[in-house]
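**Student:** Structure: model.cif, mmCIF, C-alpha atoms.
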```cif
data_protein
#
loop_
_atom_site.label_atom_id
_atom_site.label_comp_id
_atom_site.auth_asym_id
_atom_site.auth_seq_id
_atom_site.Cartn_x
_atom_site.Cartn_y
_atom_site.Cartn_z
CA MET A 1 -31.52 41.23 20.02
CA ALA A 2 -31.96 40.18 23.64
CA PRO A 3 -29.48 37.47 24.70
CA ASN A 4 -32.22 35.19 26.08
CA SER A 5 -34.68 35.53 23.20
CA PRO A 6 -36.06 32.29 21.65
CA ILE A 7 -34.39 33.09 18.34
CA SER A 8 -31.00 33.47 19.97
CA SER A 9 -31.37 30.19 21.86
CA THR A 10 -32.47 28.35 18.73
CA THR A 11 -29.57 29.77 16.74
CA MET A 12 -27.11 28.79 19.44
CA LEU A 13 -28.54 25.27 19.61
CA ALA A 14 -28.25 24.91 15.85
CA PHE A 15 -24.66 26.12 15.96
CA VAL A 16 -23.76 23.65 18.71
CA CYS A 17 -25.38 20.81 16.74
CA LEU A 18 -23.41 21.80 13.64
CA VAL A 19 -20.14 21.83 15.59
CA LEU A 20 -20.89 18.40 17.06
CA HIS A 21 -21.77 17.04 13.64
CA LEU A 22 -18.57 18.35 12.09
CA THR A 23 -16.54 17.05 15.03
CA ASN A 24 -18.07 13.59 14.75
CA THR A 25 -17.58 13.60 10.98
CA TYR A 26 -13.93 14.56 11.35
CA ALA A 27 -13.41 11.91 14.01
CA SER A 28 -14.96 9.22 11.81
CA LEU A 29 -12.64 10.16 8.96
CA SER A 30 -9.55 10.46 11.17
CA ASN A 31 -9.26 6.71 11.53
CA ALA A 32 -9.21 4.18 8.75
CA LYS A 33 -11.83 1.46 8.47
CA THR A 34 -10.00 -0.58 5.84
CA ILE A 35 -6.22 -0.73 6.22
CA ILE A 36 -3.90 -1.65 3.35
CA ILE A 37 -0.17 -2.16 3.87
CA LEU A 38 2.15 -1.05 1.04
CA ALA A 39 5.55 -2.73 1.23
CA GLY A 40 8.54 -3.53 -0.94
CA GLN A 41 11.15 -1.28 -2.50
CA SER A 42 11.43 1.74 -4.80
CA ASN A 43 8.76 0.91 -7.36
CA MET A 44 6.23 0.56 -4.54
CA SER A 45 7.34 3.72 -2.75
CA GLY A 46 7.15 5.45 -6.14
CA ARG A 47 9.57 7.05 -8.55
CA GLY A 48 7.00 8.19 -11.10
CA GLY A 49 7.94 11.65 -12.36
CA VAL A 50 11.40 11.58 -10.76
CA GLN A 51 14.35 12.60 -12.91
CA ASN A 52 17.80 13.59 -11.63
CA ASN A 53 16.60 13.20 -8.02
CA THR A 54 13.81 15.74 -8.58
CA TRP A 55 10.09 14.99 -8.66
CA ASP A 56 8.16 16.94 -11.31
CA GLY A 57 5.16 17.34 -8.99
CA VAL A 58 2.66 16.09 -11.58
CA VAL A 59 -0.20 14.14 -9.99
CA PRO A 60 -2.58 12.52 -12.49
CA LEU A 61 -6.32 12.58 -11.93
CA GLN A 62 -6.40 8.94 -10.85
CA SER A 63 -3.94 9.68 -8.03
CA GLN A 64 -5.49 12.86 -6.66
CA PRO A 65 -6.38 13.17 -2.94
CA ASN A 66 -9.73 11.86 -1.76
CA PRO A 67 -11.35 12.72 1.62
CA LEU A 68 -11.86 8.99 2.20
CA ILE A 69 -8.20 8.07 1.73
CA LEU A 70 -5.77 8.44 4.63
CA ARG A 71 -2.11 7.59 5.09
CA LEU A 72 -0.19 6.63 8.21
CA THR A 73 2.77 8.95 8.68
CA ALA A 74 6.22 8.04 9.97
CA ASN A 75 5.14 9.27 13.40
CA LEU A 76 2.19 6.85 13.27
CA THR A 77 -0.69 9.30 12.88
CA TRP A 78 -3.43 9.38 10.25
CA VAL A 79 -3.45 12.31 7.83
CA PRO A 80 -5.14 12.94 4.46
CA ALA A 81 -3.25 10.95 1.81
CA HIS A 82 -1.51 12.56 -1.14
CA GLU A 83 1.45 11.88 -3.38
CA PRO A 84 4.22 11.13 -2.68
CA LEU A 85 2.87 8.62 -0.15
CA HIS A 86 6.31 7.47 1.00
CA THR A 87 7.99 10.85 1.33
CA ASP A 88 8.66 10.42 5.07
CA ILE A 89 9.22 6.65 4.92
CA ASP A 90 11.67 6.11 2.04
CA ILE A 91 13.71 9.04 3.24
CA HIS A 92 17.02 8.32 1.52
CA ALA A 93 15.62 8.79 -1.98
CA THR A 94 13.38 11.19 -3.87
CA CYS A 95 9.86 9.80 -3.97
CA GLY A 96 7.30 10.52 -6.66
CA VAL A 97 4.11 8.86 -7.83
CA GLY A 98 3.59 5.25 -6.80
CA PRO A 99 0.67 2.84 -7.24
CA GLY A 100 -0.95 3.51 -3.85
CA MET A 101 -3.23 6.46 -4.58
CA SER A 102 -4.37 5.08 -7.92
CA PHE A 103 -5.13 1.79 -6.17
CA ALA A 104 -7.10 3.47 -3.39
CA ASN A 105 -9.14 5.70 -5.68
CA SER A 106 -9.96 2.76 -7.93
CA VAL A 107 -11.05 0.62 -4.98
CA LEU A 108 -13.31 3.30 -3.52
CA GLN A 109 -14.79 4.18 -6.88
CA ARG A 110 -16.07 0.63 -7.20
CA HIS A 111 -16.53 -0.25 -3.53
CA PRO A 112 -17.17 2.97 -1.52
CA GLY A 113 -18.28 0.97 1.50
CA LEU A 114 -14.64 0.10 2.22
CA GLY A 115 -13.87 3.71 3.15
CA PRO A 116 -12.34 5.42 4.98
CA LEU A 117 -9.39 3.58 3.48
CA GLY A 118 -6.04 3.84 5.24
CA LEU A 119 -2.78 3.31 3.39
CA VAL A 120 0.21 2.27 5.48
CA PRO A 121 3.41 3.08 3.51
CA CYS A 122 6.25 0.71 4.44
CA ALA A 123 8.26 0.39 1.23
CA VAL A 124 11.94 1.29 1.31
CA GLY A 125 14.09 1.58 -1.77
CA GLY A 126 16.69 4.16 -0.92
CA PRO A 127 19.62 4.64 -3.30
CA MET A 128 20.50 0.90 -3.42
CA GLY A 129 17.16 -0.87 -3.08
CA THR A 130 16.30 -3.57 -0.53
CA LYS A 131 16.66 -7.33 -0.95
CA ILE A 132 13.95 -9.65 0.23
CA SER A 133 16.40 -11.02 2.83
CA GLU A 134 16.21 -7.59 4.49
CA TRP A 135 12.49 -8.24 5.07
CA GLY A 136 13.12 -11.36 7.14
CA LYS A 137 11.10 -11.92 10.31
CA ARG A 138 13.70 -10.53 12.73
CA ARG A 139 14.97 -7.73 10.48
CA PHE A 140 14.32 -4.01 10.96
CA LEU A 141 12.07 -3.51 7.93
CA TYR A 142 9.78 -6.38 8.92
CA LYS A 143 9.50 -5.08 12.47
CA GLN A 144 8.58 -1.66 11.08
CA VAL A 145 5.67 -3.19 9.17
CA LEU A 146 4.32 -4.82 12.33
CA MET A 147 4.74 -1.63 14.35
CA SER A 148 2.91 0.40 11.72
CA ALA A 149 0.12 -2.17 11.43
CA LYS A 150 -0.37 -2.15 15.20
CA ALA A 151 -0.61 1.64 15.24
CA ALA A 152 -2.99 1.65 12.26
CA ARG A 153 -5.37 -0.75 14.03
CA LYS A 154 -5.28 1.12 17.32
CA ASN A 155 -8.69 2.76 16.89
CA GLY A 156 -10.55 -0.15 15.40
CA GLY A 157 -9.39 -0.38 11.80
CA SER A 158 -8.93 -3.75 10.14
CA VAL A 159 -5.96 -4.79 7.99
CA ARG A 160 -7.68 -6.09 4.87
CA GLY A 161 -4.73 -6.52 2.54
CA VAL A 162 -1.02 -6.25 1.73
CA LEU A 163 0.40 -4.90 -1.52
CA TRP A 164 3.97 -6.06 -2.20
CA PHE A 165 6.28 -4.91 -5.00
CA GLN A 166 9.93 -5.89 -4.67
CA GLY A 167 12.54 -8.09 -6.30
CA GLU A 168 14.66 -5.87 -8.51
CA SER A 169 17.55 -6.02 -6.02
CA ASP A 170 17.46 -9.81 -5.96
CA THR A 171 18.28 -10.03 -9.68
CA VAL A 172 21.96 -9.22 -9.08
CA SER A 173 22.99 -12.50 -7.44
CA GLU A 174 22.06 -15.92 -8.82
CA VAL A 175 21.93 -17.27 -5.27
CA ASP A 176 19.45 -14.58 -4.19
CA ALA A 177 17.36 -15.10 -7.32
CA ARG A 178 17.12 -18.85 -6.76
CA LYS A 179 16.20 -18.41 -3.10
CA TYR A 180 13.61 -15.76 -3.89
CA LYS A 181 10.53 -17.97 -4.04
CA ARG A 182 11.17 -19.61 -0.67
CA ARG A 183 11.90 -16.26 0.94
CA LEU A 184 8.77 -14.70 -0.52
CA VAL A 185 6.56 -17.55 0.71
CA ASN A 186 8.15 -17.23 4.16
CA LEU A 187 7.51 -13.48 4.18
CA PHE A 188 3.84 -13.87 3.30
CA SER A 189 3.42 -16.64 5.89
CA ASN A 190 5.14 -14.58 8.58
CA LEU A 191 3.00 -11.51 7.86
CA ARG A 192 -0.21 -13.50 8.01
CA ALA A 193 0.80 -15.17 11.27
CA ASP A 194 1.95 -11.97 12.97
CA LEU A 195 -1.06 -9.97 11.75
CA GLY A 196 -3.40 -12.67 13.00
CA ASP A 197 -5.03 -13.56 9.70
CA PRO A 198 -3.95 -16.84 8.04
CA LEU A 199 -5.82 -15.92 4.84
CA LEU A 200 -4.99 -12.22 4.71
CA PRO A 201 -5.33 -11.12 1.06
CA ILE A 202 -1.97 -10.34 -0.51
CA VAL A 203 -1.43 -8.88 -3.97
CA HIS A 204 2.15 -8.84 -5.21
CA VAL A 205 3.78 -7.66 -8.42
CA ALA A 206 5.95 -9.60 -10.84
CA ILE A 207 8.85 -7.29 -11.68
CA THR A 208 9.45 -5.89 -15.13
CA SER A 209 12.99 -4.64 -14.52
CA GLY A 210 15.99 -5.37 -12.33
CA GLN A 211 19.42 -4.32 -11.19
CA GLY A 212 21.08 -7.50 -12.48
CA PRO A 213 20.86 -10.30 -15.05
CA TYR A 214 18.51 -12.66 -13.19
CA ILE A 215 15.23 -10.85 -13.82
CA GLU A 216 13.51 -13.87 -15.36
CA THR A 217 14.56 -16.12 -12.46
CA VAL A 218 12.89 -13.77 -9.97
CA ARG A 219 9.85 -13.33 -12.21
CA LYS A 220 9.42 -17.08 -12.50
CA ALA A 221 9.51 -17.33 -8.71
CA GLN A 222 6.92 -14.57 -8.30
CA LEU A 223 4.56 -15.92 -10.94
CA GLY A 224 4.92 -19.42 -9.47
CA ILE A 225 3.57 -18.59 -6.01
CA LYS A 226 0.47 -20.72 -5.36
CA LEU A 227 -1.03 -19.68 -2.03
CA GLN A 228 -4.67 -19.16 -1.15
CA ASN A 229 -5.74 -15.49 -1.32
CA VAL A 230 -2.42 -14.49 -2.87
CA LYS A 231 -2.56 -12.96 -6.34
CA CYS A 232 0.23 -11.79 -8.61
CA VAL A 233 -0.15 -8.99 -11.14
CA ASP A 234 2.45 -8.75 -13.89
CA ALA A 235 4.16 -5.40 -14.46
CA LYS A 236 5.89 -6.60 -17.61
CA GLY A 237 5.31 -4.20 -20.48
CA LEU A 238 4.53 -1.16 -18.33
CA PRO A 239 6.62 1.87 -19.43
CA LEU A 240 9.80 2.68 -17.53
CA LEU A 241 11.72 5.87 -16.89
CA GLN A 242 15.00 6.55 -18.66
CA ASP A 243 16.83 4.58 -15.96
CA LYS A 244 15.12 1.41 -17.29
CA LEU A 245 14.43 0.41 -13.69
CA HIS A 246 11.56 2.48 -12.33
CA LEU A 247 7.98 2.73 -13.55
CA SER A 248 6.82 5.99 -15.09
CA THR A 249 3.85 7.93 -13.72
CA PRO A 250 1.37 6.48 -16.27
CA ALA A 251 2.72 3.01 -15.49
CA GLN A 252 2.20 3.53 -11.77
CA VAL A 253 -1.38 4.66 -12.38
CA ARG A 254 -2.07 1.56 -14.44
CA LEU A 255 -0.39 -0.69 -11.88
CA GLY A 256 -2.53 0.77 -9.11
CA GLN A 257 -5.65 -0.09 -11.09
CA MET A 258 -4.36 -3.63 -11.70
CA LEU A 259 -3.73 -4.03 -7.97
CA ALA A 260 -7.24 -2.78 -7.26
CA ASP A 261 -8.72 -5.31 -9.69
CA ALA A 262 -6.91 -8.16 -7.96
CA PHE A 263 -7.71 -6.92 -4.46
CA LEU A 264 -11.42 -6.46 -5.17
CA MET A 265 -11.58 -9.92 -6.69
CA GLN A 266 -10.31 -11.30 -3.38
CA GLU A 267 -12.76 -9.12 -1.45
CA HIS A 268 -15.60 -10.55 -3.51
CA VAL A 269 -14.46 -14.11 -2.84
CA ALA A 270 -14.09 -13.39 0.89
CA SER A 271 -17.54 -11.80 1.08
CA SER A 272 -19.12 -14.69 -0.78
CA SER A 273 -17.41 -17.14 1.57
CA ASP A 274 -18.65 -15.23 4.65
CA ASN A 275 -22.22 -15.19 3.32
CA THR A 276 -22.11 -18.91 2.55
CA SER A 277 -20.83 -19.82 6.00
CA SER A 278 -23.25 -17.59 7.91
CA PRO A 279 -26.42 -19.29 9.26
#
```
Could you quickly redo this structure as C-alpha cells?
**Tutor:**
Amino acid sequence: MAPNSPISSTTMLAFVCLVLHLTNTYASLSNAKTIIILAGQSNMSGRGGVQNNTWDGVVPLQSQPNPLILRLTANLTWVPAHEPLHTDIDIHATCGVGPGMSFANSVLQRHPGLGPLGLVPCAVGGPMGTKISEWGKRRFLYKQVLMSAKAARKNGGSVRGVLWFQGESDTVSEVDARKYKRRLVNLFSNLRADLGDPLLPIVHVAITSGQGPYIETVRKAQLGIKLQNVKCVDAKGLPLLQDKLHLSTPAQVRLGQMLADAFLMQEHVASSSDNTSSP
C-alpha cells in the first residue's frame, strides 16, 4: 500500500483520534471528582481478614476494584483503588479489608454521577491505636489530613465528605472517655474550618468494641453529637474477629454500606437545599 494513499491517511487519522480519546479518558479518570476522606484508627484502616498479622487476601464482591474509584497514595498521587486501602498509610500494622471500598461501590451504584470518586486514606491504628487527642489541630495526624486533602484537590476535585471511625483507644482512661465528646466536636469543627466548608458532611461510627472498660461512655458521646450535616452510624452488633476488637470482613462490608446510606442521605439534603436556594 502506498504511504500517501487515502486509505492510509484515513487509517492514521482514526488511530490518532483513538489515541487522543484514550488519553483524554485516562486523564479524566486520573483525578477524582468527588473526594472522601477516611480517618480514624484501625477499624477504619481495616483489619478484616487479618489473623496473626497476616491478611487472608479475600476481597468480597462489594469491595472489588472499580474503574471509577481512586485512592490517594502516601506519595500523594491518584491510583486505582483496591484493598487494603491503607496499606501504605497505616504502615505499622497489617491492613486488610476496611469499609472504604464497600462504601465507594455502594455510593456509585446508586449515584454514578459522583464518580470518579477519590478515597483519601488517613486512618492510623498501628499496634497501639490512636487516641482522639492525637488528632488535635496542631498534631501530626491532623496535619497529614490537611496535606492529603490539599493534594487531592489539586486538579479540581471537591471534598464532599469525611468518614470517621475511632474511639476504641479512648475507652482505657475514664478521663479520656469523658472528654471524648468535646474533643470530637472540636475535631469536626476544625476540619470544616480548615477545609473551607462549614457544613461539610461528616459520617462517623459509634464503636462496638474497645481497649478498655469505658466503651459505653465513648459510645454515649458519639451517639450524642448533634451537629448539622453530621450523622452517626452504630457499629454495635457487627461481628468481630477473635481479638474482640476489630470488625470482620463481612462486618466491614456492611459498615461501608451503612456509611454510604448516611452519606447519600446528606447528599440528597444538600442537593435539595441547593435547588431550593437557586433562582
**Student:** Once you count all atoms listed in the file, what closest atom pair and distance in Å to one decimal does each residue of range 100-201 of chain A within 8 Å of range 206-211 of chain A have, with rows by chain and rising residue number, as JSON lines?
**Tutor:**
```
{"residue": "A:Phe165", "atom": "CA", "partner": "A:Ala206", "partner_atom": "CA", "distance": 7.5}
{"residue": "A:Gln166", "atom": "CA", "partner": "A:Ile207", "partner_atom": "CA", "distance": 7.2}
{"residue": "A:Gly167", "atom": "CA", "partner": "A:Ile207", "partner_atom": "CA", "distance": 6.6}
{"residue": "A:Glu168", "atom": "CA", "partner": "A:Gly210", "partner_atom": "CA", "distance": 4.1}
{"residue": "A:Ser169", "atom": "CA", "partner": "A:Gln211", "partner_atom": "CA", "distance": 5.8}
{"residue": "A:Asp170", "atom": "CA", "partner": "A:Gln211", "partner_atom": "CA", "distance": 7.8}
{"residue": "A:Thr171", "atom": "CA", "partner": "A:Gly210", "partner_atom": "CA", "distance": 5.8}
{"residue": "A:Val172", "atom": "CA", "partner": "A:Gln211", "partner_atom": "CA", "distance": 5.9}
```
**Student:** Leaving out Thr217 in chain A and any residue of its chain fewer than 6 positions from it, which residues lie within 10 Å of it when counting only C-alpha atoms, given as a PyMOL selection string?
**Tutor:** chain A and resi 170-171+174+176-181
**Student:** Could you dump the residues just selected with C-alpha atoms as an mmCIF file, in the coordinates of the input?
**Tutor:**
```
data_model
loop_
_atom_site.group_PDB
_atom_site.id
_atom_site.type_symbol
_atom_site.label_atom_id
_atom_site.label_comp_id
_atom_site.auth_asym_id
_atom_site.auth_seq_id
_atom_site.Cartn_x
_atom_site.Cartn_y
_atom_site.Cartn_z
ATOM 1 C CA ASP A 170 17.460 -9.810 -5.960
ATOM 2 C CA THR A 171 18.280 -10.030 -9.680
ATOM 3 C CA GLU A 174 22.060 -15.920 -8.820
ATOM 4 C CA ASP A 176 19.450 -14.580 -4.190
ATOM 5 C CA ALA A 177 17.360 -15.100 -7.320
ATOM 6 C CA ARG A 178 17.120 -18.850 -6.760
ATOM 7 C CA LYS A 179 16.200 -18.410 -3.100
ATOM 8 C CA TYR A 180 13.610 -15.760 -3.890
ATOM 9 C CA LYS A 181 10.530 -17.970 -4.040
#
```
**Student:** Which polymer residues have any atom within 9 Å of an atom of Arg153 in chain A, counting only C-alpha atoms, with same-chain residues fewer than 4 positions away left out, as a list in words?
**Tutor:**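 So, after excluding close chain neighbours, the residues are Asn31, Ala32, Lys33, Ile35, Ser148, Ala149, Gly157, Ser158 and Val159 of chain A.
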**Student:** Would you list the residues near (3.8, 8.1, -2.8) (no more than 6 Å away, in the coordinates of the file, using all atoms listed in the file) as a list in words?
**Tutor:**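 Returned residue set, sorted by chain then number, is Ser45, Gly46, Glu83, Pro84, Leu85, His86, Gly96, Val97 and Gly98 of chain A.
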**Student:** Excluding same-chain residues fewer than 4 positions from range 100-107 of chain A, what lies within 10 Å of it counting all atoms listed in the file, as a VMD selection string?
**Tutor:** chain A and resid 36 to 38 44 to 46 59 to 66 68 to 71 81 to 86 111 to 115 117 to 121 163 252 to 261 263 to 264
**Student:** Between CA of Gln228 in chain A and CA of Thr34 in chain A, what is the distance in Å, rounded to a tenth?
**Tutor:**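 Going from CA of Gln228 in chain A over to CA of Thr34 in chain A covers 20.6 Å.
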**Student:** From the set A:Arg47, A:Arg160, A:Lys154, A:Arg182, which residue has the shortest atom-to-atom contact distance to Ala123 in chain A, counting only C-alpha atoms?
**Tutor:**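 That would be A:Arg47, the residue with the smallest distance to Ala123 in chain A.
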**Student:** Could I get range 36-47 of chain A rebuilt with all heavy atoms, written as an mmCIF file, in the coordinates of the input?
**Tutor:**
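Listing of out-v4.cif after writing:
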```
data_model
loop_
_atom_site.group_PDB
_atom_site.id
_atom_site.type_symbol
_atom_site.label_atom_id
_atom_site.label_comp_id
_atom_site.auth_asym_id
_atom_site.auth_seq_id
_atom_site.Cartn_x
_atom_site.Cartn_y
_atom_site.Cartn_z
ATOM 1 N N ILE A 36 -4.689 -0.957 4.374
ATOM 2 C CA ILE A 36 -3.900 -1.650 3.350
ATOM 3 C C ILE A 36 -2.425 -1.315 3.568
ATOM 4 O O ILE A 36 -2.045 -0.139 3.616
ATOM 5 C CB ILE A 36 -4.308 -1.223 1.926
ATOM 6 C CG1 ILE A 36 -5.814 -1.425 1.701
ATOM 7 C CG2 ILE A 36 -3.483 -1.998 0.901
ATOM 8 C CD1 ILE A 36 -6.265 -2.862 1.715
ATOM 9 N N ILE A 37 -1.608 -2.342 3.688
ATOM 10 C CA ILE A 37 -0.170 -2.160 3.870
ATOM 11 C C ILE A 37 0.521 -2.162 2.512
ATOM 12 O O ILE A 37 0.281 -3.048 1.683
ATOM 13 C CB ILE A 37 0.406 -3.264 4.771
ATOM 14 C CG1 ILE A 37 -0.174 -3.141 6.191
ATOM 15 C CG2 ILE A 37 1.929 -3.206 4.809
ATOM 16 C CD1 ILE A 37 0.160 -4.304 7.091
ATOM 17 N N LEU A 38 1.360 -1.158 2.272
ATOM 18 C CA LEU A 38 2.150 -1.050 1.040
ATOM 19 C C LEU A 38 3.602 -1.312 1.399
ATOM 20 O O LEU A 38 4.197 -0.542 2.160
ATOM 21 C CB LEU A 38 2.019 0.341 0.429
ATOM 22 C CG LEU A 38 0.757 0.710 -0.366
ATOM 23 C CD1 LEU A 38 -0.501 0.559 0.478
ATOM 24 C CD2 LEU A 38 0.868 2.128 -0.896
ATOM 25 N N ALA A 39 4.173 -2.383 0.866
ATOM 26 C CA ALA A 39 5.550 -2.730 1.230
ATOM 27 C C ALA A 39 6.339 -3.158 -0.001
ATOM 28 O O ALA A 39 5.781 -3.477 -1.052
ATOM 29 C CB ALA A 39 5.546 -3.851 2.276
ATOM 30 N N GLY A 40 7.658 -3.162 0.150
ATOM 31 C CA GLY A 40 8.540 -3.530 -0.940
ATOM 32 C C GLY A 40 9.688 -2.548 -1.068
ATOM 33 O O GLY A 40 10.217 -2.064 -0.071
ATOM 34 N N GLN A 41 10.054 -2.217 -2.318
ATOM 35 C CA GLN A 41 11.150 -1.280 -2.500
ATOM 36 C C GLN A 41 10.730 -0.126 -3.400
ATOM 37 O O GLN A 41 9.563 0.295 -3.364
ATOM 38 C CB GLN A 41 12.419 -1.985 -2.985
ATOM 39 C CG GLN A 41 12.323 -2.760 -4.287
ATOM 40 C CD GLN A 41 13.634 -3.466 -4.626
ATOM 41 O OE1 GLN A 41 13.679 -4.674 -4.687
ATOM 42 N NE2 GLN A 41 14.716 -2.716 -4.860
ATOM 43 N N SER A 42 11.636 0.423 -4.186
ATOM 44 C CA SER A 42 11.430 1.740 -4.800
ATOM 45 C C SER A 42 10.216 1.846 -5.715
ATOM 46 O O SER A 42 9.554 2.885 -5.744
ATOM 47 C CB SER A 42 12.691 2.167 -5.561
ATOM 48 O OG SER A 42 13.059 1.192 -6.524
ATOM 49 N N ASN A 43 9.907 0.805 -6.473
ATOM 50 C CA ASN A 43 8.760 0.910 -7.360
ATOM 51 C C ASN A 43 7.436 0.922 -6.598
ATOM 52 O O ASN A 43 6.427 1.379 -7.145
ATOM 53 C CB ASN A 43 8.771 -0.207 -8.410
ATOM 54 C CG ASN A 43 9.503 0.201 -9.672
ATOM 55 O OD1 ASN A 43 9.351 1.324 -10.156
ATOM 56 N ND2 ASN A 43 10.316 -0.697 -10.216
ATOM 57 N N MET A 44 7.422 0.427 -5.360
ATOM 58 C CA MET A 44 6.230 0.560 -4.540
ATOM 59 C C MET A 44 6.200 1.931 -3.865
ATOM 60 O O MET A 44 5.152 2.581 -3.804
ATOM 61 C CB MET A 44 6.171 -0.542 -3.476
ATOM 62 C CG MET A 44 4.985 -0.402 -2.506
ATOM 63 S SD MET A 44 3.359 -0.370 -3.311
ATOM 64 C CE MET A 44 3.080 -2.117 -3.561
ATOM 65 N N SER A 45 7.342 2.394 -3.387
ATOM 66 C CA SER A 45 7.340 3.720 -2.750
ATOM 67 C C SER A 45 7.138 4.814 -3.788
ATOM 68 O O SER A 45 6.639 5.892 -3.464
ATOM 69 C CB SER A 45 8.628 3.958 -1.956
ATOM 70 O OG SER A 45 9.759 4.038 -2.789
ATOM 71 N N GLY A 46 7.490 4.534 -5.057
ATOM 72 C CA GLY A 46 7.150 5.450 -6.140
ATOM 73 C C GLY A 46 8.299 6.311 -6.625
ATOM 74 O O GLY A 46 8.886 7.073 -5.853
ATOM 75 N N ARG A 47 8.593 6.181 -7.905
ATOM 76 C CA ARG A 47 9.570 7.050 -8.550
ATOM 77 C C ARG A 47 8.968 7.695 -9.795
ATOM 78 O O ARG A 47 9.683 8.293 -10.596
ATOM 79 C CB ARG A 47 10.833 6.261 -8.937
ATOM 80 C CG ARG A 47 11.579 5.642 -7.767
ATOM 81 C CD ARG A 47 12.186 6.675 -6.820
ATOM 82 N NE ARG A 47 12.994 6.034 -5.795
ATOM 83 C CZ ARG A 47 12.539 5.672 -4.591
ATOM 84 N NH1 ARG A 47 11.257 5.927 -4.282
ATOM 85 N NH2 ARG A 47 13.318 5.098 -3.720
#
```
